[in-house]
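Visitor: Hey, dropping model-v5.tsv in here, TSV, C-alpha atoms:
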```
chain	number	residue	atom	x	y	z
A	1	MET	CA	5.07	-44.65	-16.95
A	2	PHE	CA	2.57	-47.24	-15.77
A	3	SER	CA	2.28	-50.25	-18.06
A	4	VAL	CA	0.57	-53.64	-17.97
A	5	THR	CA	1.41	-56.96	-19.60
A	6	ILE	CA	-0.66	-59.86	-20.84
A	7	ASN	CA	0.39	-61.76	-17.72
A	8	ASP	CA	-0.98	-58.95	-15.52
A	9	ILE	CA	-4.24	-59.04	-17.43
A	10	ASP	CA	-4.53	-62.83	-17.28
A	11	LEU	CA	-4.17	-62.66	-13.50
A	12	ILE	CA	-6.95	-60.07	-13.28
A	13	LEU	CA	-9.21	-62.10	-15.59
A	14	ARG	CA	-8.76	-65.15	-13.36
A	15	ASP	CA	-9.42	-63.12	-10.21
A	16	TYR	CA	-12.65	-61.76	-11.68
A	17	GLY	CA	-13.87	-65.15	-12.83
A	18	ILE	CA	-13.58	-64.53	-16.57
A	19	SER	CA	-12.83	-67.64	-18.62
A	20	GLY	CA	-10.14	-67.57	-21.26
A	21	LYS	CA	-6.89	-65.68	-21.49
A	22	CYS	CA	-5.92	-62.34	-22.98
A	23	ASP	CA	-5.48	-62.58	-26.73
A	24	THR	CA	-4.85	-58.87	-27.37
A	25	PHE	CA	-5.42	-55.63	-25.50
A	26	SER	CA	-5.46	-51.96	-26.47
A	27	GLU	CA	-5.59	-48.68	-24.61
A	28	LEU	CA	-8.89	-46.80	-24.70
A	29	GLN	CA	-7.79	-43.93	-22.47
A	30	ARG	CA	-4.67	-42.88	-20.59
A	31	TYR	CA	-4.05	-39.79	-18.50
A	32	HIS	CA	-0.38	-38.85	-18.71
A	33	TYR	CA	0.40	-37.68	-15.19
A	34	GLU	CA	4.11	-38.17	-15.85
A	35	LYS	CA	4.12	-35.19	-18.23
A	36	ASP	CA	3.82	-32.85	-15.25
A	37	ASP	CA	5.75	-35.03	-12.82
A	38	PRO	CA	8.08	-37.79	-14.09
A	39	ASN	CA	8.01	-39.35	-10.62
A	40	SER	CA	4.22	-39.39	-10.34
A	41	LYS	CA	2.58	-42.62	-9.26
A	42	ASP	CA	-0.90	-41.41	-10.22
A	43	VAL	CA	-2.63	-43.61	-12.77
A	44	ARG	CA	-5.73	-43.48	-14.95
A	45	LEU	CA	-5.66	-46.16	-17.64
A	46	ILE	CA	-8.52	-47.94	-19.41
A	47	VAL	CA	-7.83	-50.93	-21.65
A	48	LYS	CA	-10.00	-53.12	-23.84
A	49	VAL	CA	-9.14	-56.81	-23.61
A	50	GLU	CA	-10.00	-59.39	-26.24
A	51	THR	CA	-9.91	-62.92	-24.82
A	52	ASP	CA	-9.08	-66.09	-26.72
A	53	CYS	CA	-12.67	-67.27	-26.22
A	54	GLY	CA	-14.13	-64.26	-28.01
A	55	LYS	CA	-15.13	-62.17	-25.00
A	56	ALA	CA	-14.27	-58.45	-24.75
A	57	VAL	CA	-13.96	-56.66	-21.42
A	58	VAL	CA	-12.79	-53.28	-20.17
A	59	ILE	CA	-10.27	-53.09	-17.33
A	60	ARG	CA	-9.80	-49.80	-15.51
A	61	PHE	CA	-6.66	-49.01	-13.52
A	62	LYS	CA	-6.74	-46.04	-11.19
A	63	ASN	CA	-4.75	-44.36	-8.47
A	64	GLU	CA	-5.61	-40.68	-8.22
A	65	VAL	CA	-5.83	-38.03	-5.52
A	66	ASP	CA	-9.11	-38.27	-3.58
A	67	VAL	CA	-10.05	-41.57	-5.27
A	68	THR	CA	-10.49	-44.34	-2.74
A	69	LEU	CA	-11.47	-47.98	-2.95
A	70	ASP	CA	-14.70	-47.10	-1.15
A	71	ILE	CA	-15.59	-44.47	-3.78
A	72	VAL	CA	-14.89	-46.79	-6.72
A	73	THR	CA	-16.85	-49.56	-5.01
A	74	ALA	CA	-19.82	-47.25	-4.41
A	75	GLN	CA	-19.72	-46.06	-8.03
A	76	SER	CA	-19.74	-49.66	-9.24
A	77	ARG	CA	-22.55	-50.56	-6.86
A	78	PHE	CA	-24.64	-47.70	-8.29
A	79	ALA	CA	-24.07	-48.95	-11.85
A	80	VAL	CA	-25.11	-52.46	-10.82
A	81	LEU	CA	-28.24	-51.15	-9.10
A	82	LEU	CA	-29.23	-49.24	-12.24
A	83	ALA	CA	-28.89	-52.46	-14.23
A	84	ASP	CA	-31.07	-54.24	-11.68
A	85	TYR	CA	-33.76	-51.61	-12.38
A	86	GLY	CA	-33.60	-52.25	-16.12
A	87	ILE	CA	-31.27	-49.46	-17.18
A	88	GLU	CA	-28.74	-50.53	-19.79
A	89	THR	CA	-25.25	-50.61	-18.28
A	90	PRO	CA	-22.33	-52.99	-18.90
A	91	ARG	CA	-22.02	-55.96	-16.58
A	92	ILE	CA	-19.54	-55.28	-13.80
A	93	TYR	CA	-17.57	-58.29	-12.53
A	94	THR	CA	-16.60	-59.14	-8.98
A	95	SER	CA	-13.54	-60.71	-7.41
A	96	LYS	CA	-14.06	-62.27	-4.00
A	97	GLU	CA	-17.45	-60.51	-3.96
A	98	GLN	CA	-15.74	-57.14	-4.45
A	99	TYR	CA	-16.34	-54.83	-7.41
A	100	ALA	CA	-12.91	-53.21	-7.03
A	101	ARG	CA	-9.55	-54.38	-5.70
A	102	TRP	CA	-6.08	-53.02	-5.11
A	103	TYR	CA	-3.29	-54.52	-7.21
A	104	GLN	CA	0.44	-53.90	-7.33
A	105	ILE	CA	1.49	-53.77	-10.99
A	106	ASP	CA	4.71	-52.46	-12.52
A	107	GLY	CA	5.67	-50.88	-9.20
A	108	TYR	CA	2.37	-49.00	-8.92
A	109	GLU	CA	-0.54	-49.44	-6.53
A	110	VAL	CA	-3.75	-49.35	-8.59
A	111	ILE	CA	-7.46	-49.92	-8.07
A	112	VAL	CA	-8.83	-52.32	-10.69
A	113	THR	CA	-12.36	-52.85	-11.99
A	114	VAL	CA	-13.59	-55.07	-14.82
A	115	GLU	CA	-16.73	-54.72	-16.94
A	116	ASP	CA	-18.10	-55.92	-20.27
A	117	PHE	CA	-17.14	-53.96	-23.38
A	118	VAL	CA	-20.24	-52.55	-25.05
A	119	THR	CA	-20.63	-51.61	-28.69
A	120	GLY	CA	-22.83	-48.97	-30.28
A	121	GLU	CA	-21.15	-45.90	-28.80
A	122	LEU	CA	-23.35	-42.87	-29.41
A	123	GLN	CA	-21.99	-40.87	-32.34
A	124	VAL	CA	-24.46	-38.02	-32.91
A	125	VAL	CA	-27.39	-36.55	-31.01
A	126	ASP	CA	-30.62	-35.64	-32.78
A	127	ALA	CA	-33.99	-34.73	-31.26
A	128	GLU	CA	-35.05	-38.36	-30.82
A	129	THR	CA	-31.78	-39.33	-29.17
A	130	ALA	CA	-31.87	-36.27	-26.91
A	131	GLU	CA	-35.38	-37.15	-25.74
A	132	LYS	CA	-34.34	-40.73	-25.00
A	133	THR	CA	-31.28	-39.48	-23.12
A	134	GLY	CA	-33.47	-37.18	-21.03
A	135	LYS	CA	-35.69	-40.14	-20.17
A	136	LEU	CA	-32.62	-42.19	-19.28
A	137	LEU	CA	-31.34	-39.55	-16.88
A	138	ALA	CA	-34.76	-39.22	-15.23
A	139	LYS	CA	-34.95	-42.98	-14.70
A	140	MET	CA	-31.48	-42.94	-13.15
A	141	HIS	CA	-32.51	-40.12	-10.83
A	142	ASN	CA	-35.65	-42.00	-9.81
A	143	VAL	CA	-33.62	-45.11	-8.97
A	144	ALA	CA	-31.10	-43.16	-6.90
A	145	GLU	CA	-33.85	-41.39	-4.96
A	146	GLU	CA	-35.97	-44.50	-4.43
A	147	ALA	CA	-32.98	-46.53	-3.23
A	148	ASP	CA	-31.59	-43.58	-1.23
A	149	LEU	CA	-28.22	-44.26	-2.86
A	150	HIS	CA	-25.20	-42.07	-2.24
A	151	VAL	CA	-21.62	-41.83	-3.50
A	152	GLU	CA	-19.42	-39.49	-1.48
A	153	ASN	CA	-17.56	-37.94	-4.39
A	154	GLU	CA	-17.39	-34.52	-6.06
A	155	VAL	CA	-19.31	-34.10	-9.31
A	156	LEU	CA	-18.66	-32.04	-12.44
A	157	PHE	CA	-21.97	-30.20	-12.57
A	158	ASP	CA	-22.76	-28.64	-9.19
A	159	PRO	CA	-23.49	-24.95	-9.89
A	160	LEU	CA	-22.85	-23.97	-6.27
A	161	ALA	CA	-19.61	-25.91	-5.74
A	162	ASN	CA	-16.75	-23.87	-4.32
A	163	ASN	CA	-14.28	-25.51	-6.69
A	164	GLY	CA	-16.37	-24.62	-9.76
A	165	ASN	CA	-17.87	-26.90	-12.36
A	166	ASP	CA	-17.29	-27.98	-15.95
A	167	LEU	CA	-19.83	-25.71	-17.68
A	168	PHE	CA	-19.46	-22.16	-16.44
A	169	ASP	CA	-17.00	-20.13	-14.39
A	170	PHE	CA	-17.84	-16.82	-12.74
A	171	LYS	CA	-14.39	-16.75	-11.14
A	172	ALA	CA	-12.86	-16.55	-14.62
A	173	PHE	CA	-14.74	-13.27	-15.01
A	174	VAL	CA	-13.82	-11.89	-11.58
A	175	LYS	CA	-10.18	-12.80	-12.16
A	176	HIS	CA	-9.90	-9.87	-14.58
A	177	LYS	CA	-11.76	-7.40	-12.35
A	178	ASP	CA	-9.14	-4.64	-12.43
A	179	PHE	CA	-8.85	-4.63	-16.21
A	180	LEU	CA	-12.61	-4.95	-16.73
A	181	CYS	CA	-13.32	-2.08	-14.35
A	182	SER	CA	-10.81	0.07	-16.20
A	183	ILE	CA	-12.91	-0.50	-19.32
A	184	ASP	CA	-16.37	0.00	-17.79
A	185	LYS	CA	-16.70	-0.18	-14.02
A	186	THR	CA	-20.45	0.42	-14.05
A	187	LEU	CA	-21.02	-2.48	-16.41
A	188	TYR	CA	-18.74	-4.76	-14.42
A	189	GLU	CA	-20.62	-4.00	-11.21
A	190	ALA	CA	-23.95	-4.57	-12.94
A	191	VAL	CA	-22.80	-8.04	-14.00
A	192	GLU	CA	-21.67	-8.80	-10.45
A	193	ARG	CA	-25.05	-7.78	-9.05
A	194	GLU	CA	-26.95	-9.88	-11.56
A	195	HIS	CA	-24.72	-12.85	-10.81
A	196	ALA	CA	-25.41	-12.55	-7.09
A	197	ASN	CA	-29.15	-12.43	-7.79
A	198	LEU	CA	-29.06	-15.56	-9.94
A	199	VAL	CA	-27.00	-17.53	-7.43
A	200	GLN	CA	-29.45	-16.57	-4.71
A	201	LYS	CA	-32.29	-18.01	-6.79
A	202	LEU	CA	-30.47	-21.35	-7.03
A	203	ARG	CA	-29.71	-21.43	-3.33
A	204	ALA	CA	-33.37	-22.25	-2.80
A	205	PHE	CA	-32.41	-25.79	-3.83
A	206	GLU	CA	-29.16	-25.93	-1.87
A	207	LYS	CA	-30.64	-27.81	1.07
A	208	GLU	CA	-32.43	-30.41	-1.04
A	209	ALA	CA	-31.33	-34.00	-0.53
A	210	LYS	CA	-28.50	-35.14	-2.74
A	211	TYR	CA	-28.39	-38.54	-4.38
A	212	ALA	CA	-25.97	-40.49	-6.54
A	213	VAL	CA	-25.73	-39.39	-10.17
A	214	GLN	CA	-23.66	-40.80	-13.02
A	215	GLY	CA	-22.31	-37.29	-13.42
A	216	ASP	CA	-21.17	-37.24	-17.04
A	217	ILE	CA	-23.85	-37.95	-19.65
A	218	SER	CA	-21.55	-37.26	-22.59
A	219	GLY	CA	-21.32	-38.87	-26.01
A	220	CYS	CA	-18.35	-41.05	-25.13
A	221	ASN	CA	-20.24	-42.49	-22.13
A	222	LEU	CA	-23.49	-43.41	-23.92
A	223	PHE	CA	-24.31	-46.29	-26.23
A	224	VAL	CA	-27.26	-47.39	-28.35
A	225	THR	CA	-28.54	-50.91	-27.83
A	226	GLN	CA	-29.73	-53.20	-30.61
A	227	LYS	CA	-33.29	-52.27	-29.60
A	228	GLY	CA	-32.49	-48.58	-30.07
A	229	GLU	CA	-32.45	-47.74	-26.36
A	230	ILE	CA	-29.79	-45.54	-24.77
A	231	GLY	CA	-27.41	-47.10	-22.27
A	232	VAL	CA	-24.71	-45.58	-20.10
A	233	PHE	CA	-21.27	-46.59	-18.88
A	234	ASP	CA	-18.23	-45.01	-17.19
A	235	PHE	CA	-19.16	-44.00	-13.65
A	236	ASN	CA	-15.79	-42.32	-13.05
A	237	ARG	CA	-17.50	-38.98	-12.26
A	238	CYS	CA	-20.31	-40.51	-10.22
A	239	GLY	CA	-21.06	-38.67	-6.98
A	240	ASP	CA	-23.83	-36.99	-5.01
A	241	ASN	CA	-25.70	-34.00	-6.42
A	242	VAL	CA	-29.03	-32.21	-6.19
A	243	LEU	CA	-30.97	-34.04	-8.90
A	244	TYR	CA	-32.44	-30.84	-10.37
A	245	PHE	CA	-28.95	-29.35	-10.72
A	246	ASP	CA	-27.75	-32.49	-12.49
A	247	ALA	CA	-30.78	-32.54	-14.81
A	248	ILE	CA	-30.43	-28.98	-16.09
A	249	MET	CA	-26.66	-28.95	-16.45
A	250	GLN	CA	-26.63	-32.32	-18.20
A	251	ALA	CA	-29.38	-31.04	-20.51
A	252	ILE	CA	-27.37	-27.96	-21.47
A	253	PHE	CA	-24.25	-30.10	-21.92
A	254	VAL	CA	-26.08	-32.41	-24.32
A	255	ALA	CA	-27.53	-29.42	-26.18
A	256	ARG	CA	-24.17	-27.67	-26.68
A	257	LEU	CA	-21.22	-30.03	-26.42
A	258	MET	CA	-22.09	-33.20	-28.33
A	259	ASP	CA	-21.88	-34.09	-32.03
A	260	TYR	CA	-25.01	-33.40	-34.09
A	261	PRO	CA	-26.43	-34.11	-37.56
A	262	ALA	CA	-25.31	-31.67	-40.24
A	263	GLU	CA	-28.67	-29.88	-40.26
A	264	LEU	CA	-28.30	-29.08	-36.54
A	265	ALA	CA	-24.56	-28.51	-36.37
A	266	GLU	CA	-24.70	-24.71	-36.55
A	267	ASN	CA	-27.27	-24.24	-33.79
A	268	PRO	CA	-28.35	-27.47	-32.07
A	269	GLU	CA	-29.64	-26.04	-28.79
A	270	PRO	CA	-33.15	-24.89	-29.93
A	271	VAL	CA	-33.88	-28.48	-30.99
A	272	ILE	CA	-31.84	-30.57	-28.55
A	273	LEU	CA	-32.52	-28.78	-25.27
A	274	PRO	CA	-36.36	-28.95	-25.48
A	275	ALA	CA	-36.18	-32.58	-26.59
A	276	PHE	CA	-33.96	-33.58	-23.67
A	277	LEU	CA	-36.10	-31.70	-21.13
A	278	LYS	CA	-39.29	-33.16	-22.63
A	279	GLY	CA	-37.90	-36.68	-22.22
A	280	TYR	CA	-36.82	-36.01	-18.65
A	281	ASN	CA	-40.14	-34.36	-17.74
A	282	ASN	CA	-42.05	-37.31	-19.18
A	283	ILE	CA	-40.48	-39.63	-16.61
A	284	ARG	CA	-39.75	-37.24	-13.75
A	285	PRO	CA	-41.98	-34.12	-14.04
A	286	PHE	CA	-40.39	-30.82	-13.12
A	287	THR	CA	-42.00	-29.05	-10.17
A	288	THR	CA	-43.42	-25.55	-10.43
A	289	GLU	CA	-40.48	-24.23	-8.40
A	290	GLN	CA	-38.00	-25.91	-10.73
A	291	ARG	CA	-39.69	-24.52	-13.82
A	292	GLU	CA	-39.71	-21.04	-12.33
A	293	SER	CA	-36.01	-21.20	-11.47
A	294	PHE	CA	-34.93	-22.48	-14.90
A	295	PRO	CA	-34.54	-18.99	-16.48
A	296	TYR	CA	-32.10	-17.96	-13.75
A	297	PHE	CA	-30.20	-21.24	-13.94
A	298	TYR	CA	-29.92	-20.99	-17.73
A	299	ALA	CA	-28.77	-17.37	-17.59
A	300	LEU	CA	-26.06	-18.21	-15.06
A	301	VAL	CA	-24.66	-21.01	-17.21
A	302	SER	CA	-24.84	-19.04	-20.45
A	303	ALA	CA	-23.36	-15.80	-19.13
A	304	PHE	CA	-20.17	-17.42	-17.85
A	305	TRP	CA	-19.93	-20.31	-20.32
A	306	LEU	CA	-16.52	-21.83	-19.65
A	307	SER	CA	-15.33	-21.93	-23.26
A	308	ASP	CA	-16.18	-18.26	-23.73
A	309	MET	CA	-14.53	-17.28	-20.48
A	310	LYS	CA	-11.15	-18.87	-21.06
A	311	TRP	CA	-10.78	-21.75	-23.51
A	312	ASP	CA	-11.81	-20.56	-26.97
A	313	GLU	CA	-9.50	-18.61	-29.24
A	314	HIS	CA	-11.65	-15.51	-28.94
A	315	SER	CA	-12.44	-15.90	-25.24
A	316	LEU	CA	-12.61	-13.13	-22.67
A	317	ALA	CA	-9.32	-14.34	-21.17
A	318	ASN	CA	-7.53	-14.05	-24.52
A	319	ALA	CA	-8.95	-10.59	-25.10
A	320	VAL	CA	-7.70	-9.46	-21.69
A	321	GLU	CA	-4.29	-11.04	-22.28
A	322	LYS	CA	-3.99	-9.07	-25.53
A	323	ALA	CA	-5.27	-5.92	-23.79
A	324	ASP	CA	-7.84	-5.65	-26.58
A	325	SER	CA	-10.13	-3.06	-24.99
A	326	ASP	CA	-12.72	-3.17	-27.76
A	327	ALA	CA	-13.03	-6.96	-27.61
A	328	VAL	CA	-13.20	-6.90	-23.80
A	329	LEU	CA	-15.97	-4.30	-23.84
A	330	GLN	CA	-17.92	-6.38	-26.35
A	331	TRP	CA	-17.54	-9.40	-24.09
A	332	MET	CA	-18.78	-7.44	-21.07
A	333	LYS	CA	-21.83	-6.32	-23.00
A	334	GLU	CA	-22.47	-9.85	-24.23
A	335	ILE	CA	-22.16	-11.28	-20.73
A	336	TYR	CA	-24.60	-8.69	-19.41
A	337	ASN	CA	-27.06	-9.51	-22.19
A	338	ARG	CA	-26.81	-13.20	-21.40
A	339	ILE	CA	-27.14	-12.78	-17.66
A	340	THR	CA	-30.30	-10.71	-18.07
A	341	TYR	CA	-31.88	-12.99	-20.70
A	342	LEU	CA	-34.32	-15.18	-18.81
A	343	PRO	CA	-35.99	-17.73	-21.12
A	344	SER	CA	-38.78	-19.96	-19.82
A	345	MET	CA	-38.15	-23.69	-19.64
A	346	PRO	CA	-38.62	-24.74	-23.30
A	347	ILE	CA	-41.22	-27.48	-22.77
```
The structure in this file should be written as structure tokens.
Guide:
Amino acid sequence: MFSVTINDIDLILRDYGISGKCDTFSELQRYHYEKDDPNSKDVRLIVKVETDCGKAVVIRFKNEVDVTLDIVTAQSRFAVLLADYGIETPRIYTSKEQYARWYQIDGYEVIVTVEDFVTGELQVVDAETAEKTGKLLAKMHNVAEEADLHVENEVLFDPLANNGNDLFDFKAFVKHKDFLCSIDKTLYEAVEREHANLVQKLRAFEKEAKYAVQGDISGCNLFVTQKGEIGVFDFNRCGDNVLYFDAIMQAIFVARLMDYPAELAENPEPVILPAFLKGYNNIRPFTTEQRESFPYFYALVSAFWLSDMKWDEHSLANAVEKADSDAVLQWMKEIYNRITYLPSMPI
């Protein structure tokens, strides 16, 4: 398993022009590739370093499939550009005028980056925070478009990506086709037709220019400044996307998958989604075409919501695995209801 020492960290601090030496360090995140393959040389490790002069920085170590020095450099460059435009992001350090460098540590080849540690990690999302986050995303999109900035990397939230996305999964529905058709073939085919119709609506945006996006506006990647503004860090999922696709999927993510005040915990979406979209629209107004396509986009995401398809205890996948015909039929009906529910953009 990949490990680092204080000596390794001190070398990196010197290379990146940071005064002082490592006093203590702690792991913030580690992906345990060795669980699946004891011989794996893949690495994803993030550590917080406290220096003896009172400075705190974050060092990221990475060596993963399809991650190149050029990609990490482009991601860092995007973060720096956002900061230049006034968006709150941690300072990213350079070594020999490079944002990222290869190191050999503990017998592993790893890409290393260094940035300031920021406090004020976002804990809960209320309407005010959601609106500010929507504004933040719109500003980021404007910067990327104005600067014509690109990062050649796959993103989490492309609804038309062949390898799927992190919000919904139609393939998880099709996977059970034989069993679903044995329950109600007519209903299954109706869902397939509606899905094809919705995807066709979104393909109207398929040829739009793609620009760099941060790619993961989640609670653990946002922070609140002392002035109450929302900042962003962790550009690990940064890549190119159609900006409209990123806006809507990030909005739904924030409205469904964050932590919320107690009064919103049971059903946050009716409050959070309009607030986020309002904030975004205030900075980067949605076009008529985008507003008109929203109902189809929303229905597509909701109908095949990833948790409901395969992750939750009472998911469709679990119902099929248990051969629970009644539960499967209820899921098919629910999916059809969702895929035919076409709400207007709630702003």
Visitor: Considering all atoms listed in the file, return as a PyMOL selection string whatever protein or nucleic-acid residues lie within 9 Å of His141 of chain A, sequence-local ones (same chain, fewer than 3 positions apart) excluded.
Guide: chain A and resi 136-138+144-146+211-213+243+247+284
Visitor: Which neighbours of segment 249-255 of chain A fall inside 10 Å, counting all atoms listed in the file, when residues of the same chain fewer than 5 positions from it are skipped, and could you give them as a PyMOL selection string?
Guide: chain A and resi 125-127+130+133-134+137+156-159+165-168+215-219+244+260+267-277+280+297-298+301-302
Visitor: Just checking: using only C-alpha atoms, which residue out of A:Val114, A:Met140, A:Met1, A:Leu69 ends up closest to Ile18 of chain A?
Guide: A:Val114
Visitor: Please report as JSON lines every residue of segment 19-58 of chain A lying within 12 Å of segment 84-91 of chain A, along with the nearest atom pair and their distance in Å (one decimal), using only C-alpha atoms.
Guide:
```
{"residue": "A:Ala56", "atom": "CA", "partner": "A:Pro90", "partner_atom": "CA", "distance": 11.4}
{"residue": "A:Val57", "atom": "CA", "partner": "A:Arg91", "partner_atom": "CA", "distance": 9.4}
{"residue": "A:Val58", "atom": "CA", "partner": "A:Pro90", "partner_atom": "CA", "distance": 9.6}
```
Visitor: Given all atoms listed in the file as the basis, pick out the residue of A:Leu329, A:Leu149, A:Ala100, A:Ile6 nearest to Asn241 of chain A.
Guide: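 Counting all atoms listed in the file, the residue closest to Asn241 of chain A is A:Leu149.
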Visitor: Suppose you want the space between atom CA of Leu81 of chain A and atom CA of Lys96 of chain A; what is it in Å?
Guide: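 Result for atom CA of Leu81 of chain A versus atom CA of Lys96 of chain A: 18.7 Å, one decimal.
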Visitor: Give, as lines of an AutoDock Vina configuration file, the centre coordinates and the x, y and z edge lengths in Å to one decimal for an axis-aligned box around all listed atoms of segment 197-208 of chain A, padded by 5 Å on each side.
Guide:
```
center_x = -30.2
center_y = -21.4
center_z = -4.4
size_x = 16.4
size_y = 28.0
size_z = 21.0
```
Visitor: Quick one: residues within 12 Å of segment 23-27 of chain A, all atoms listed in the file counted, chain neighbours fewer than 4 positions away excluded, as a short mmCIF file (atom, residue, chain, number, x, y, z; two decimals) with C-alpha atoms, in the frame of the given file?
Guide:
```cif
data_model
loop_
_atom_site.label_atom_id
_atom_site.label_comp_id
_atom_site.auth_asym_id
_atom_site.auth_seq_id
_atom_site.Cartn_x
_atom_site.Cartn_y
_atom_site.Cartn_z
CA SER A 3 2.28 -50.25 -18.06
CA VAL A 4 0.57 -53.64 -17.97
CA THR A 5 1.41 -56.96 -19.60
CA ILE A 6 -0.66 -59.86 -20.84
CA ASN A 7 0.39 -61.76 -17.72
CA ASP A 8 -0.98 -58.95 -15.52
CA ILE A 9 -4.24 -59.04 -17.43
CA ASP A 10 -4.53 -62.83 -17.28
CA LEU A 13 -9.21 -62.10 -15.59
CA TYR A 31 -4.05 -39.79 -18.50
CA ARG A 44 -5.73 -43.48 -14.95
CA LEU A 45 -5.66 -46.16 -17.64
CA ILE A 46 -8.52 -47.94 -19.41
CA VAL A 47 -7.83 -50.93 -21.65
CA LYS A 48 -10.00 -53.12 -23.84
CA VAL A 49 -9.14 -56.81 -23.61
CA GLU A 50 -10.00 -59.39 -26.24
CA THR A 51 -9.91 -62.92 -24.82
CA ASP A 52 -9.08 -66.09 -26.72
CA CYS A 53 -12.67 -67.27 -26.22
CA GLY A 54 -14.13 -64.26 -28.01
CA LYS A 55 -15.13 -62.17 -25.00
CA ALA A 56 -14.27 -58.45 -24.75
CA VAL A 57 -13.96 -56.66 -21.42
CA VAL A 58 -12.79 -53.28 -20.17
CA ILE A 59 -10.27 -53.09 -17.33
CA ARG A 60 -9.80 -49.80 -15.51
CA PHE A 61 -6.66 -49.01 -13.52
#
```
Visitor: Would you mind telling me which residue in A:Met345, A:Met332, A:Leu316, A:Ile71 lies nearest to Asp184 of chain A when using all atoms listed in the file?
Guide: A:Met332
Visitor: Report, in Å with one decimal, the straight-line distance from atom CA of Pro295 of chain A to atom CA of Asp259 of chain A.
Guide: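 Rounded to one decimal, the two atoms are 25.1 Å apart.
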Visitor: Would you please work out which residue, of A:Lys210, A:Lys322, A:Arg291, A:Lys310, is nearest to Pro346 of chain A when using only C-alpha atoms?
Guide: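 Ranking A:Lys210, A:Lys322, A:Arg291, A:Lys310 by distance to Pro346 of chain A, first place goes to A:Arg291.
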Visitor: Write out N, CA and C atoms for segment 68-83 of chain A, as an mmCIF file, in the coordinates of the input.
Guide:
```cif
data_model
loop_
_atom_site.group_PDB
_atom_site.id
_atom_site.type_symbol
_atom_site.label_atom_id
_atom_site.label_comp_id
_atom_site.auth_asym_id
_atom_site.auth_seq_id
_atom_site.Cartn_x
_atom_site.Cartn_y
_atom_site.Cartn_z
ATOM 1 N N THR A 68 -10.710 -43.260 -3.690
ATOM 2 C CA THR A 68 -10.490 -44.340 -2.740
ATOM 3 C C THR A 68 -11.187 -45.609 -3.224
ATOM 4 N N LEU A 69 -10.812 -46.717 -2.624
ATOM 5 C CA LEU A 69 -11.470 -47.980 -2.950
ATOM 6 C C LEU A 69 -12.951 -47.906 -2.616
ATOM 7 N N ASP A 70 -13.290 -47.230 -1.527
ATOM 8 C CA ASP A 70 -14.700 -47.100 -1.150
ATOM 9 C C ASP A 70 -15.494 -46.327 -2.200
ATOM 10 N N ILE A 71 -14.898 -45.262 -2.755
ATOM 11 C CA ILE A 71 -15.590 -44.470 -3.780
ATOM 12 C C ILE A 71 -15.815 -45.309 -5.033
ATOM 13 N N VAL A 72 -14.768 -45.977 -5.501
ATOM 14 C CA VAL A 72 -14.890 -46.790 -6.720
ATOM 15 C C VAL A 72 -15.902 -47.914 -6.500
ATOM 16 N N THR A 73 -15.895 -48.501 -5.324
ATOM 17 C CA THR A 73 -16.850 -49.560 -5.010
ATOM 18 C C THR A 73 -18.281 -49.024 -5.027
ATOM 19 N N ALA A 74 -18.484 -47.847 -4.435
ATOM 20 C CA ALA A 74 -19.820 -47.250 -4.410
ATOM 21 C C ALA A 74 -20.287 -46.883 -5.818
ATOM 22 N N GLN A 75 -19.377 -46.380 -6.648
ATOM 23 C CA GLN A 75 -19.720 -46.060 -8.030
ATOM 24 C C GLN A 75 -20.147 -47.314 -8.779
ATOM 25 N N SER A 76 -19.406 -48.386 -8.594
ATOM 26 C CA SER A 76 -19.740 -49.660 -9.240
ATOM 27 C C SER A 76 -21.075 -50.188 -8.737
ATOM 28 N N ARG A 77 -21.297 -50.078 -7.438
ATOM 29 C CA ARG A 77 -22.550 -50.560 -6.860
ATOM 30 C C ARG A 77 -23.743 -49.802 -7.451
ATOM 31 N N PHE A 78 -23.571 -48.501 -7.676
ATOM 32 C CA PHE A 78 -24.640 -47.700 -8.290
ATOM 33 C C PHE A 78 -24.937 -48.193 -9.704
ATOM 34 N N ALA A 79 -23.884 -48.448 -10.482
ATOM 35 C CA ALA A 79 -24.070 -48.950 -11.850
ATOM 36 C C ALA A 79 -24.807 -50.286 -11.841
ATOM 37 N N VAL A 80 -24.454 -51.158 -10.912
ATOM 38 C CA VAL A 80 -25.110 -52.460 -10.820
ATOM 39 C C VAL A 80 -26.577 -52.304 -10.439
ATOM 40 N N LEU A 81 -26.856 -51.384 -9.512
ATOM 41 C CA LEU A 81 -28.240 -51.150 -9.100
ATOM 42 C C LEU A 81 -29.073 -50.639 -10.272
ATOM 43 N N LEU A 82 -28.509 -49.738 -11.065
ATOM 44 C CA LEU A 82 -29.230 -49.240 -12.240
ATOM 45 C C LEU A 82 -29.590 -50.395 -13.176
ATOM 46 N N ALA A 83 -28.629 -51.299 -13.377
ATOM 47 C CA ALA A 83 -28.890 -52.460 -14.230
ATOM 48 C C ALA A 83 -30.006 -53.320 -13.649
#
```
